[in-house]
$ cat my_file05.pdb   # PDB, C-alpha atoms and all ligand atoms
ATOM      1  CA  MET V 224      11.505   8.624  18.339
ATOM      2  CA  LYS V 225       7.993   8.136  19.607
ATOM      3  CA  PHE V 226       5.746   5.998  17.435
ATOM      4  CA  GLN V 227       2.073   6.195  18.294
ATOM      5  CA  ASN V 228       1.324   2.803  16.792
ATOM      6  CA  PRO V 229       4.009   0.058  16.391
ATOM      7  CA  LYS V 230       2.175  -1.373  13.360
ATOM      8  CA  GLY V 231       2.584   2.000  11.669
ATOM      9  CA  ILE V 232       6.362   1.441  11.557
ATOM     10  CA  LEU V 233       5.807  -0.670   8.419
ATOM     11  CA  SER V 234       4.119   2.274   6.651
ATOM     12  CA  VAL V 235       6.977   4.553   7.664
ATOM     13  CA  ILE V 236       9.604   2.050   6.440
ATOM     14  CA  PHE V 237       7.698   1.804   3.151
ATOM     15  CA  VAL V 238       7.786   5.614   2.726
ATOM     16  CA  TYR V 239      11.533   5.701   3.519
ATOM     17  CA  GLY V 240      12.055   2.892   0.982
ATOM     18  CA  ILE V 241      10.266   4.821  -1.774
ATOM     19  CA  ILE V 242      12.152   8.058  -1.080
ATOM     20  CA  PHE V 243      15.532   6.327  -0.903
ATOM     21  CA  SER V 244      14.984   4.226  -4.045
ATOM     22  CA  GLU V 245      14.100   7.336  -6.110
ATOM     23  CA  TYR V 246      17.201   9.088  -4.763
ATOM     24  CA  TYR V 247      19.370   6.050  -5.453
ATOM     25  CA  VAL V 248      18.297   5.688  -9.104
ATOM     26  CA  PHE V 249      18.575   9.404  -9.824
ATOM     27  CA  VAL V 250      21.921  10.015  -8.122
ATOM     28  CA  PHE V 251      23.685   6.677  -8.719
ATOM     29  CA  HIS V 252      22.326   5.658 -12.135
ATOM     30  CA  TYR V 253      21.107   8.712 -14.032
ATOM     31  CA  LEU V 254      23.481  11.475 -12.836
ATOM     32  CA  PRO V 255      26.789   9.560 -13.403
ATOM     33  CA  TYR V 256      25.643   8.971 -16.984
ATOM     34  CA  ARG V 257      24.808  12.666 -17.333
ATOM     35  CA  TYR V 258      28.202  13.601 -15.828
ATOM     36  CA  ASN V 259      30.036  11.510 -18.419
ATOM     37  CA  ASN V 260      28.147  13.157 -21.284
ATOM     38  CA  ASN V 261      29.751  16.599 -21.136
ATOM     39  CA  ASN V 262      27.441  17.959 -18.440
ATOM     40  CA  SER V 263      29.891  17.638 -15.565
ATOM     41  CA  LEU V 264      29.562  21.110 -14.010
ATOM     42  CA  SER V 265      25.766  21.276 -14.094
ATOM     43  CA  THR V 266      25.595  17.671 -12.841
ATOM     44  CA  ILE V 267      27.652  18.526  -9.757
ATOM     45  CA  PHE V 268      25.270  21.390  -9.062
ATOM     46  CA  ILE V 269      22.253  19.046  -9.453
ATOM     47  CA  VAL V 270      23.778  16.467  -7.076
ATOM     48  CA  ILE V 271      24.206  19.119  -4.370
ATOM     49  CA  GLU V 272      20.798  20.714  -4.911
ATOM     50  CA  PHE V 273      19.017  17.349  -5.113
ATOM     51  CA  THR V 274      20.717  16.025  -1.986
ATOM     52  CA  LEU V 275      19.708  19.155  -0.056
ATOM     53  CA  ILE V 276      16.058  18.645  -1.048
ATOM     54  CA  TYR V 277      16.386  14.962  -0.120
ATOM     55  CA  LEU V 278      17.620  15.922   3.349
ATOM     56  CA  MET V 279      14.802  18.444   3.721
ATOM     57  CA  ILE V 280      12.279  15.674   3.006
ATOM     58  CA  HIS V 281      13.713  13.568   5.818
ATOM     59  CA  TRP V 282      13.923  16.493   8.210
ATOM     60  CA  ALA V 283      10.263  17.456   7.653
ATOM     61  CA  TYR V 284       9.130  13.811   7.699
ATOM     62  CA  ILE V 285      10.861  13.078  11.010
ATOM     63  CA  GLN V 286       9.453  16.274  12.522
ATOM     64  CA  ALA V 287       5.915  15.318  11.434
ATOM     65  CA  GLN V 288       6.410  11.926  13.105
ATOM     66  CA  ILE V 289       8.022  12.890  16.387
ATOM     67  CA  GLN V 290       6.420  16.246  17.154
ATOM     68  CA  SER V 291       3.249  16.050  19.173
ATOM     69  CA  PRO V 292       0.218  17.326  17.237
ATOM     70  CA  GLY V 293      -0.874  19.070  20.431
ATOM     71  CA  HIS V 294      -3.153  17.911  23.215
ATOM     72  CA  PRO V 295      -5.354  19.811  25.656
ATOM     73  CA  SER V 296      -3.776  20.304  29.062
ATOM     74  CA  PRO V 297      -4.439  17.009  30.950
ATOM     75  CA  HIS V 298      -5.894  18.801  33.950
ATOM     76  CA  LEU V 299      -7.925  21.346  32.015
ATOM     77  CA  ALA V 300     -11.211  20.064  33.465
ATOM     78  CA  ASN V 301      -9.975  20.802  37.013
ATOM     79  CA  ASN V 302      -9.992  24.489  36.192
ATOM     80  CA  TYR V 303     -13.730  24.572  35.626
ATOM     81  CA  GLN V 304     -16.332  24.997  38.325
ATOM     82  CA  GLU V 305     -18.382  21.859  38.876
ATOM     83  CA  HIS V 306     -21.644  23.315  37.570
ATOM     84  CA  THR V 307     -19.925  24.660  34.409
ATOM     85  CA  LEU V 308     -18.344  21.264  33.801
ATOM     86  CA  GLN V 309     -21.717  19.602  34.194
ATOM     87  CA  GLU V 310     -23.227  22.033  31.697
ATOM     88  CA  ILE V 311     -20.465  21.220  29.190
ATOM     89  CA  LYS V 312     -21.015  17.472  29.686
ATOM     90  CA  ASN V 313     -24.777  17.797  29.269
ATOM     91  CA  ARG V 314     -24.400  19.950  26.186
ATOM     92  CA  THR V 315     -21.901  17.518  24.630
ATOM     93  CA  LYS V 316     -24.226  14.555  25.264
ATOM     94  CA  LYS V 317     -27.158  16.438  23.824
ATOM     95  CA  HIS V 318     -25.244  17.503  20.706
ATOM     96  CA  SER V 319     -23.857  14.020  20.053
ATOM     97  CA  GLU V 320     -27.331  12.524  20.428
ATOM     98  CA  ILE V 321     -28.754  15.032  17.956
ATOM     99  CA  ILE V 322     -25.956  14.417  15.452
ATOM    100  CA  GLN V 323     -26.279  10.631  15.770
ATOM    101  CA  LYS V 324     -30.032  10.850  15.385
ATOM    102  CA  LYS V 325     -29.875  13.075  12.346
ATOM    103  CA  ARG V 326     -27.136  10.974  10.782
ATOM    104  CA  LYS V 327     -29.421   8.000  11.012
ATOM    105  CA  GLN V 328     -32.159  10.004   9.389
ATOM    106  CA  LYS V 329     -29.725  11.129   6.710
ATOM    107  CA  LEU V 330     -30.618  14.719   7.301
ATOM    108  CA  MET V 331     -27.108  16.025   7.981
ATOM    109  CA  LYS V 332     -27.272  18.362   4.983
ATOM    110  CA  LYS V 333     -29.293  20.756   7.074
ATOM    111  CA  TYR V 334     -27.987  21.454  10.546
ATOM    112  CA  GLU V 335     -30.499  23.910  11.922
ATOM    113  CA  LEU V 336     -33.021  21.439  13.191
ATOM    114  CA  ALA V 337     -35.707  21.477  15.824
ATOM    115  CA  ILE V 338     -34.996  19.319  18.863
ATOM    116  CA  ASP V 339     -37.891  16.994  19.561
ATOM    117  CA  GLU V 340     -40.969  18.843  20.760
ATOM    118  CA  GLU V 341     -39.012  21.742  22.197
ATOM    119  CA  ASP V 342     -38.805  24.769  20.018
ATOM    120  CA  GLU V 343     -35.019  24.807  20.400
ATOM    121  CA  ILE V 344     -32.641  25.182  17.501
ATOM    122  CA  PHE V 345     -29.376  23.282  17.208
ATOM    123  CA  ASP V 346     -26.852  25.298  15.244
ATOM    124  CA  ILE V 347     -23.687  23.330  14.501
ATOM    125  CA  ILE V 348     -21.624  26.444  13.761
ATOM    126  CA  GLN V 349     -22.451  27.759  17.216
ATOM    127  CA  ALA V 350     -21.790  24.343  18.769
ATOM    128  CA  ILE V 351     -18.293  23.918  17.316
ATOM    129  CA  GLN V 352     -17.203  27.234  18.804
ATOM    130  CA  LEU V 353     -17.987  26.087  22.333
ATOM    131  CA  ASP V 354     -16.023  23.853  24.686
ATOM    132  CA  SER V 355     -17.215  20.266  24.785
ATOM    133  CA  TYR V 356     -16.316  17.223  26.864
ATOM    134  CA  CYS V 357     -14.381  14.091  25.890
ATOM    135  CA  PHE V 358     -15.797  11.180  27.906
ATOM    136  CA  LYS V 359     -12.882   8.956  26.856
ATOM    137  CA  CYS V 360     -10.145  11.317  28.057
ATOM    138  CA  GLN V 361     -12.427  12.686  30.796
ATOM    139  CA  ASN V 362     -11.302  16.161  29.947
ATOM    140  CA  VAL V 363     -12.628  19.340  28.398
ATOM    141  CA  LYS V 364     -12.187  19.688  24.630
ATOM    142  CA  GLN V 365     -11.508  23.176  23.396
ATOM    143  CA  PRO V 366     -13.074  24.226  20.088
ATOM    144  CA  ARG V 367     -11.650  22.324  17.065
ATOM    145  CA  THR V 368     -10.262  19.586  19.332
ATOM    146  CA  HIS V 369     -11.211  16.038  18.386
ATOM    147  CA  HIS V 370     -10.603  12.640  19.900
ATOM    148  CA  CYS V 371      -8.479  10.400  17.638
ATOM    149  CA  LYS V 372      -9.491   6.751  17.827
ATOM    150  CA  GLU V 373      -6.048   5.582  16.630
ATOM    151  CA  CYS V 374      -4.078   7.588  19.185
ATOM    152  CA  ASN V 375      -6.844   7.414  21.811
ATOM    153  CA  LYS V 376      -6.152  11.027  22.682
ATOM    154  CA  CYS V 377      -7.694  14.407  22.071
ATOM    155  CA  ILE V 378      -5.859  16.405  19.404
ATOM    156  CA  LEU V 379      -5.811  20.195  19.178
ATOM    157  CA  ARG V 380      -7.077  21.486  15.820
ATOM    158  CA  MET V 381      -7.066  17.923  14.575
ATOM    159  CA  ASP V 382      -6.737  17.590  10.815
ATOM    160  CA  HIS V 383      -6.513  13.830  10.334
ATOM    161  CA  HIS V 384      -4.674  10.728  11.527
ATOM    162  CA  CYS V 385      -2.004   9.917   8.949
ATOM    163  CA  PRO V 386      -0.926   6.235   8.739
ATOM    164  CA  TRP V 387       2.021   7.181   6.464
ATOM    165  CA  VAL V 388       3.404   9.512   9.121
ATOM    166  CA  ASN V 389       2.152   7.227  11.898
ATOM    167  CA  ASN V 390       0.986  10.224  13.859
ATOM    168  CA  CYS V 391      -1.975  12.504  14.142
ATOM    169  CA  ILE V 392      -1.753  15.720  12.183
ATOM    170  CA  GLY V 393      -2.858  18.616  14.348
ATOM    171  CA  MET V 394      -2.046  22.121  15.504
ATOM    172  CA  ASN V 395       1.684  21.629  16.106
ATOM    173  CA  ASN V 396       2.766  19.345  13.254
ATOM    174  CA  HIS V 397       0.471  20.214  10.337
ATOM    175  CA  ARG V 398       3.196  22.566   9.091
ATOM    176  CA  PHE V 399       5.770  19.730   9.013
ATOM    177  CA  PHE V 400       3.320  17.504   7.164
ATOM    178  CA  CYS V 401       2.835  20.144   4.431
ATOM    179  CA  GLN V 402       6.588  20.758   4.207
ATOM    180  CA  PHE V 403       7.207  17.031   3.838
ATOM    181  CA  ILE V 404       4.775  16.787   0.913
ATOM    182  CA  PHE V 405       6.172  19.958  -0.659
ATOM    183  CA  TYR V 406       9.818  18.801  -0.600
ATOM    184  CA  ALA V 407       8.878  15.275  -1.696
ATOM    185  CA  LEU V 408       6.944  16.772  -4.613
ATOM    186  CA  LEU V 409       9.929  18.932  -5.544
ATOM    187  CA  CYS V 410      12.231  15.903  -5.473
ATOM    188  CA  MET V 411       9.933  13.561  -7.417
ATOM    189  CA  SER V 412       9.031  16.109 -10.102
ATOM    190  CA  GLN V 413      12.711  16.801 -10.722
ATOM    191  CA  CYS V 414      13.422  13.068 -11.031
ATOM    192  CA  PHE V 415      10.519  12.635 -13.427
ATOM    193  CA  ILE V 416      11.410  15.598 -15.696
ATOM    194  CA  PHE V 417      15.142  14.833 -16.051
ATOM    195  CA  ILE V 418      14.746  11.089 -16.534
ATOM    196  CA  THR V 419      11.767  11.346 -18.901
ATOM    197  CA  ILE V 420      13.628  13.817 -21.157
ATOM    198  CA  GLU V 421      16.574  11.415 -21.202
ATOM    199  CA  LEU V 422      14.455   8.342 -21.969
ATOM    200  CA  LEU V 423      12.499  10.082 -24.733
ATOM    201  CA  GLY V 424      15.759  11.046 -26.470
ATOM    202  CA  ASP V 425      18.466   8.886 -27.981
ATOM    203  CA  THR V 426      19.692   7.549 -24.639
ATOM    204  CA  GLN V 427      22.851   5.486 -24.260
ATOM    205  CA  LEU V 428      22.044   4.382 -20.711
ATOM    206  CA  LYS V 429      23.062   0.815 -19.896
ATOM    207  CA  ALA V 430      20.240  -1.716 -19.941
ATOM    208  CA  ASN V 431      19.958  -2.126 -16.146
ATOM    209  CA  SER V 432      20.173   1.629 -15.499
ATOM    210  CA  LYS V 433      17.631   2.277 -18.218
ATOM    211  CA  PHE V 434      15.231  -0.219 -16.671
ATOM    212  CA  LEU V 435      15.600   1.333 -13.204
ATOM    213  CA  CYS V 436      15.149   4.814 -14.672
ATOM    214  CA  GLN V 437      11.935   3.729 -16.419
ATOM    215  CA  ILE V 438      10.513   2.384 -13.135
ATOM    216  CA  CYS V 439      11.710   5.499 -11.308
ATOM    217  CA  ALA V 440      10.059   7.866 -13.838
ATOM    218  CA  PHE V 441       6.788   5.940 -13.687
ATOM    219  CA  THR V 442       6.596   5.856  -9.871
ATOM    220  CA  CYS V 443       7.623   9.530  -9.700
ATOM    221  CA  LEU V 444       4.776  10.419 -12.057
ATOM    222  CA  LEU V 445       2.248   8.583  -9.876
ATOM    223  CA  LEU V 446       3.667  10.135  -6.710
ATOM    224  CA  CYS V 447       3.680  13.640  -8.224
ATOM    225  CA  LEU V 448       0.026  13.322  -9.183
ATOM    226  CA  SER V 449      -1.063  12.016  -5.780
ATOM    227  CA  MET V 450       1.138  14.333  -3.687
ATOM    228  CA  GLY V 451       0.325  17.342  -5.864
ATOM    229  CA  THR V 452      -3.380  16.762  -5.303
ATOM    230  CA  LEU V 453      -2.828  16.236  -1.571
ATOM    231  CA  LEU V 454      -0.741  19.399  -1.195
ATOM    232  CA  ALA V 455      -3.281  21.464  -3.152
ATOM    233  CA  PHE V 456      -6.056  20.086  -0.916
ATOM    234  CA  HIS V 457      -4.202  21.052   2.263
ATOM    235  CA  LEU V 458      -3.040  24.491   1.103
ATOM    236  CA  TYR V 459      -6.521  25.373  -0.117
ATOM    237  CA  HIS V 460      -8.036  24.422   3.230
ATOM    238  CA  ILE V 461      -5.332  26.166   5.248
ATOM    239  CA  ALA V 462      -6.088  29.307   3.190
ATOM    240  CA  LYS V 463      -9.752  28.848   4.156
ATOM    241  CA  ASN V 464      -8.834  27.939   7.782
ATOM    242  CA  ILE V 465     -10.707  24.669   7.697
ATOM    243  CA  THR V 466      -9.416  21.264   8.800
ATOM    244  CA  THR V 467      -9.997  17.934   7.054
ATOM    245  CA  VAL V 468     -12.323  16.977   9.914
ATOM    246  CA  GLU V 469     -14.322  20.186   9.451
ATOM    247  CA  PHE V 470     -14.301  19.796   5.668
ATOM    248  CA  HIS V 471     -16.943  17.099   6.119
ATOM    249  CA  ILE V 472     -19.289  19.564   7.818
ATOM    250  CA  GLU V 473     -21.226  21.056   4.948
ATOM    251  CA  GLU V 474     -22.102  24.296   6.716
ATOM    252  CA  MET V 475     -18.434  25.104   7.451
ATOM    253  CA  LYS V 476     -17.893  25.717   3.744
ATOM    254  CA  THR V 477     -20.239  28.686   3.706
ATOM    255  CA  ASP V 478     -20.206  29.898   7.298
ATOM    256  CA  ASN V 479     -16.750  29.184   8.696
ATOM    257  CA  PRO V 480     -16.370  31.076  11.999
ATOM    258  CA  PHE V 481     -12.597  30.443  12.138
ATOM    259  CA  GLN V 482     -11.713  31.939   8.761
ATOM    260  CA  LYS V 483      -9.808  35.218   8.931
ATOM    261  CA  SER V 484     -10.387  37.856   6.285
ATOM    262  CA  LYS V 485      -6.799  37.714   4.956
ATOM    263  CA  ILE V 486      -5.478  34.443   3.497
ATOM    264  CA  ILE V 487      -2.010  35.198   4.889
ATOM    265  CA  ASP V 488      -3.411  35.311   8.443
ATOM    266  CA  ASN V 489      -4.986  31.879   7.972
ATOM    267  CA  PHE V 490      -1.581  30.523   6.929
ATOM    268  CA  LYS V 491       0.147  32.221   9.849
ATOM    269  CA  GLU V 492      -2.117  30.353  12.259
ATOM    270  CA  LEU V 493      -0.339  27.112  11.295
ATOM    271  CA  PHE V 494       2.970  28.225   9.791
ATOM    272  CA  GLY V 495       3.751  31.034  12.240
ATOM    273  CA  SER V 496       4.411  34.698  11.601
ATOM    274  CA  ASP V 497       8.146  34.197  11.042
ATOM    275  CA  TYR V 498       8.665  33.126   7.421
ATOM    276  CA  ILE V 499      11.745  31.032   8.233
ATOM    277  CA  TYR V 500       9.318  28.475   9.712
ATOM    278  CA  TRP V 501       7.410  28.379   6.446
ATOM    279  CA  ILE V 502      10.512  27.077   4.650
ATOM    280  CA  LEU V 503      12.415  25.115   7.276
ATOM    281  CA  PRO V 504      10.890  22.404   9.475
ATOM    282  CA  LEU V 505      12.414  23.949  12.582
ATOM    283  CA  THR V 506      10.843  23.277  15.941
ATOM    284  CA  ASP V 507       9.405  26.468  17.343
ATOM    285  CA  ASN V 508       7.466  27.397  20.405
ATOM    286  CA  LEU V 509       3.910  28.546  20.027
ATOM    287  CA  SER V 510       4.865  32.185  20.377
ATOM    288  CA  ASN V 511       4.690  32.724  16.637
ATOM    289  CA  LYS V 512       1.293  31.210  16.250
ATOM    290  CA  THR V 513      -2.175  32.171  17.214
ATOM    291  CA  LYS V 514      -2.340  30.284  20.462
ATOM    292  CA  ILE V 515      -5.060  27.802  21.124
ATOM    293  CA  ARG V 516      -6.892  28.851  24.231
ATOM    294  CA  ASN V 517      -5.450  27.104  27.264
ATOM    295  CA  ASP V 518      -6.955  29.455  29.778
ATOM    296  CA  SER V 519     -10.593  29.027  28.936
ATOM    297  CA  PHE V 520     -11.824  28.327  32.425
ATOM    298  CA  GLU V 521     -13.649  30.008  35.189
ATOM    299  CA  LEU V 522     -12.051  30.723  38.522
TER     300      LEU V 522
HETATM  301 ZN    ZN Z 601     -10.326  12.543  24.020
HETATM  302 ZN    ZN Z 602      -4.295   9.941  15.745
END
$ encode --input "my_file05.pdb" --output "structure tokens" --more "lines below"
Ligand SMILES: [Zn+2]
Ligand SMILES: [Zn+2]
Amino acid sequence: MKFQNPKGILSVIFVYGIIFSEYYVFVFHYLPYRYNNNNSLSTIFIVIEFTLIYLMIHWAYIQAQIQSPGHPSPHLANNYQEHTLQEIKNRTKKHSEIIQKKRKQKLMKKYELAIDEEDEIFDIIQAIQLDSYCFKCQNVKQPRTHHCKECNKCILRMDHHCPWVNNCIGMNNHRFFCQFIFYALLCMSQCFIFITIELLGDTQLKANSKFLCQICAFTCLLLCLSMGTLLAFHLYHIAKNITTVEFHIEEMKTDNPFQKSKIIDNFKELFGSDYIYWILPLTDNLSNKTKIRNDSFEL
């Protein structure tokens, strides 16, 4: 398993601890009690179903951690003619200077701005559709590629760097990240509903089990609220074909050049055209996805 940042192992251990403790309380404290109270057949079914969801969480979580988010080809810049490369470098410098300058002036709400005395217009929507240059990686950045400071690498269709996954979330592992949240949400909401109904009734749970169930229900409620919001945020933006990085660009919300007319096509860009990959965190090749340009060079 490849961890991008050794310090991030603590975050990952914390997440595993939370998931396991919820599973432990539900399966080893609540369900045996339920089994002994004339619900034996349905309880066996719940154990199997719950354990399958629990395994799906781990599968998706591990995939999100170990799968590369996607990086530009390391020798991409070599495929460009020298003068084209110089143009890309100059353009990138110019754009970053303009953005920095306007940020300082707190004028980022409006992106079409005149450059100094020249009557030249800088249009951010046009700029983000062009190749740019990463001076840290010394390589060309295709559109939607961003340099992650944590990973110190350029990430294709970068969404965000996730400390809880200890990996960048980009083109190739955004799907696993969403699946992880989805299955975790399914697991936690089930825990919360069953245990809360039990605790609100005339429960005969033993004191220690009852205490653990109360803590479990409370943490599951908090996790459901936070993960539900997070999943809704991601699904909404995938439907709009906008990344978390791009979400902070005001103009992208009204003039997104990457958005396809059909919502399903926006989802297919990340989840693939084969629906089995929407459900299972299987590793696939990029054949099912809309490929990121790797051949955008002159010969
Ligand atoms: Zn870079
Ligand atoms: Zn990163």
$ resolve_selection --input "my_file05.pdb" --expression "the PyMOL selection byres (((not hetatm)) within 6 of (chain Z and resi 601))" --output "CSV table (one decimal) with C-alpha atoms, keeping the file's coordinate frame"
chain,number,residue,atom,x,y,z
V,357,CYS,CA,-14.4,14.1,25.9
V,359,LYS,CA,-12.9,9.0,26.9
V,360,CYS,CA,-10.1,11.3,28.1
V,370,HIS,CA,-10.6,12.6,19.9
V,376,LYS,CA,-6.2,11.0,22.7
V,377,CYS,CA,-7.7,14.4,22.1
$ closest_atom_pairs --input "my_file05.pdb" --of "chain V" --to "ligand ZN 602 (chain Z)" --cutoff "9 Å" --atoms "only C-alpha atoms and all ligand atoms" --output "CSV"
residue,atom,partner,partner_atom,distance
V:Gln227,CA,Z:ZN602,ZN,7.8
V:Pro292,CA,Z:ZN602,ZN,8.8
V:His370,CA,Z:ZN602,ZN,8.0
V:Cys371,CA,Z:ZN602,ZN,4.6
V:Lys372,CA,Z:ZN602,ZN,6.4
V:Glu373,CA,Z:ZN602,ZN,4.8
V:Cys374,CA,Z:ZN602,ZN,4.2
V:Asn375,CA,Z:ZN602,ZN,7.0
V:Lys376,CA,Z:ZN602,ZN,7.3
V:Cys377,CA,Z:ZN602,ZN,8.5
V:Ile378,CA,Z:ZN602,ZN,7.6
V:Met381,CA,Z:ZN602,ZN,8.5
V:His383,CA,Z:ZN602,ZN,7.0
V:His384,CA,Z:ZN602,ZN,4.3
V:Cys385,CA,Z:ZN602,ZN,7.2
V:Pro386,CA,Z:ZN602,ZN,8.6
V:Asn389,CA,Z:ZN602,ZN,8.0
V:Asn390,CA,Z:ZN602,ZN,5.6
V:Cys391,CA,Z:ZN602,ZN,3.8
V:Ile392,CA,Z:ZN602,ZN,7.2
V:Gly393,CA,Z:ZN602,ZN,8.9
$ write_last_selection --input "my_file05.pdb" --atoms "C-alpha atoms" --output "mmCIF file, in the frame of the given file"
data_model
loop_
_atom_site.group_PDB
_atom_site.id
_atom_site.type_symbol
_atom_site.label_atom_id
_atom_site.label_comp_id
_atom_site.auth_asym_id
_atom_site.auth_seq_id
_atom_site.Cartn_x
_atom_site.Cartn_y
_atom_site.Cartn_z
ATOM 1 C CA GLN V 227 2.073 6.195 18.294
ATOM 2 C CA PRO V 292 0.218 17.326 17.237
ATOM 3 C CA HIS V 370 -10.603 12.640 19.900
ATOM 4 C CA CYS V 371 -8.479 10.400 17.638
ATOM 5 C CA LYS V 372 -9.491 6.751 17.827
ATOM 6 C CA GLU V 373 -6.048 5.582 16.630
ATOM 7 C CA CYS V 374 -4.078 7.588 19.185
ATOM 8 C CA ASN V 375 -6.844 7.414 21.811
ATOM 9 C CA LYS V 376 -6.152 11.027 22.682
ATOM 10 C CA CYS V 377 -7.694 14.407 22.071
ATOM 11 C CA ILE V 378 -5.859 16.405 19.404
ATOM 12 C CA MET V 381 -7.066 17.923 14.575
ATOM 13 C CA HIS V 383 -6.513 13.830 10.334
ATOM 14 C CA HIS V 384 -4.674 10.728 11.527
ATOM 15 C CA CYS V 385 -2.004 9.917 8.949
ATOM 16 C CA PRO V 386 -0.926 6.235 8.739
ATOM 17 C CA ASN V 389 2.152 7.227 11.898
ATOM 18 C CA ASN V 390 0.986 10.224 13.859
ATOM 19 C CA CYS V 391 -1.975 12.504 14.142
ATOM 20 C CA ILE V 392 -1.753 15.720 12.183
ATOM 21 C CA GLY V 393 -2.858 18.616 14.348
#
$ axis_aligned_box --input "my_file05.pdb" --around "region 247-261 of chain V" --padding-each-side "3 Å" --output "JSON"
{"center_x": 24.2, "center_y": 11.1, "center_z": -13.4, "size_x": 17.7, "size_y": 16.9, "size_z": 21.8}
$ closest_residue --input "my_file05.pdb" --among "V:Gln304, V:Gln482, V:Gln352, V:Thr274" --to "Tyr406 (chain V)" --atoms "all atoms listed in the file"
V:Thr274
$ closest_residue --input "my_file05.pdb" --among "V:Asp478, V:Ser244, V:Lys316, V:Ile269" --to "Phe417 (chain V)" --atoms "all atoms listed in the file"
V:Ile269
$ closest_residue --input "my_file05.pdb" --among "V:His252, V:His457, V:His397, V:His369" --to "Ser291 (chain V)" --atoms "all atoms listed in the file"
V:His397
$ resolve_selection --input "my_file05.pdb" --expression "the PyMOL selection byres (((chain V and resi 288) around 7) and not hetatm)" --output "list of chain:residue names"
V:Tyr284, V:Ile285, V:Gln286, V:Ala287, V:Ile289, V:Gln290, V:Val388, V:Asn389, V:Asn390
$ atom_distance --input "my_file05.pdb" --atom1 "CA of Tyr356 (chain V)" --atom2 "CA of Gln309 (chain V)"
9.4 Å
$ closest_residue --input "my_file05.pdb" --among "V:Ile416, V:Ala283, V:Cys436, V:Leu275" --to "Phe251 (chain V)" --atoms "all atoms listed in the file"
V:Cys436
$ closest_residue --input "my_file05.pdb" --among "V:Leu435, V:Ala407, V:Cys414, V:Ile502" --to "Leu454 (chain V)" --atoms "all atoms listed in the file"
V:Ala407
$ residues_around --input "my_file05.pdb" --residues "Leu453 (chain V)" --least-positions-apart "3" --cutoff "12 Å" --atoms "all atoms listed in the file" --output "list in words"
Phe400, Cys401, Gln402, Phe403, Ile404, Phe405, Ala407, Leu408, Leu446, Cys447, Leu448, Ser449, Met450, Phe456, His457, Leu458, Tyr459, His460 and Thr467 of chain V
$ decode --input "my_file05.pdb" --residues "region 243-255 of chain V" --atoms "N, CA and C atoms" --output "mmCIF file, in the first residue's frame"
data_model
loop_
_atom_site.group_PDB
_atom_site.id
_atom_site.type_symbol
_atom_site.label_atom_id
_atom_site.label_comp_id
_atom_site.auth_asym_id
_atom_site.auth_seq_id
_atom_site.Cartn_x
_atom_site.Cartn_y
_atom_site.Cartn_z
ATOM 1 N N PHE V 243 -14.725 0.348 12.460
ATOM 2 C CA PHE V 243 -14.743 -0.934 13.172
ATOM 3 C C PHE V 243 -15.559 -0.846 14.457
ATOM 4 N N SER V 244 -15.430 0.274 15.197
ATOM 5 C CA SER V 244 -16.153 0.366 16.475
ATOM 6 C C SER V 244 -17.665 0.380 16.253
ATOM 7 N N GLU V 245 -18.141 1.026 15.168
ATOM 8 C CA GLU V 245 -19.583 1.019 14.886
ATOM 9 C C GLU V 245 -20.036 -0.415 14.544
ATOM 10 N N TYR V 246 -19.200 -1.095 13.759
ATOM 11 C CA TYR V 246 -19.528 -2.476 13.375
ATOM 12 C C TYR V 246 -19.563 -3.380 14.610
ATOM 13 N N TYR V 247 -18.575 -3.188 15.471
ATOM 14 C CA TYR V 247 -18.451 -4.019 16.672
ATOM 15 C C TYR V 247 -19.689 -3.874 17.577
ATOM 16 N N VAL V 248 -20.093 -2.640 17.833
ATOM 17 C CA VAL V 248 -21.244 -2.412 18.729
ATOM 18 C C VAL V 248 -22.515 -2.976 18.107
ATOM 19 N N PHE V 249 -22.693 -2.732 16.812
ATOM 20 C CA PHE V 249 -23.930 -3.175 16.158
ATOM 21 C C PHE V 249 -24.012 -4.707 16.096
ATOM 22 N N VAL V 250 -22.916 -5.322 15.670
ATOM 23 C CA VAL V 250 -22.946 -6.777 15.432
ATOM 24 C C VAL V 250 -22.725 -7.582 16.716
ATOM 25 N N PHE V 251 -21.937 -7.077 17.650
ATOM 26 C CA PHE V 251 -21.614 -7.890 18.838
ATOM 27 C C PHE V 251 -22.362 -7.465 20.099
ATOM 28 N N HIS V 252 -23.061 -6.337 20.064
ATOM 29 C CA HIS V 252 -23.837 -5.931 21.241
ATOM 30 C C HIS V 252 -25.332 -5.815 20.940
ATOM 31 N N TYR V 253 -25.660 -5.153 19.827
ATOM 32 C CA TYR V 253 -27.089 -4.964 19.536
ATOM 33 C C TYR V 253 -27.714 -6.215 18.907
ATOM 34 N N LEU V 254 -27.080 -6.775 17.865
ATOM 35 C CA LEU V 254 -27.706 -7.888 17.135
ATOM 36 C C LEU V 254 -27.875 -9.169 17.971
ATOM 37 N N PRO V 255 -26.932 -9.556 18.848
ATOM 38 C CA PRO V 255 -27.186 -10.740 19.689
ATOM 39 C C PRO V 255 -28.430 -10.559 20.572
#
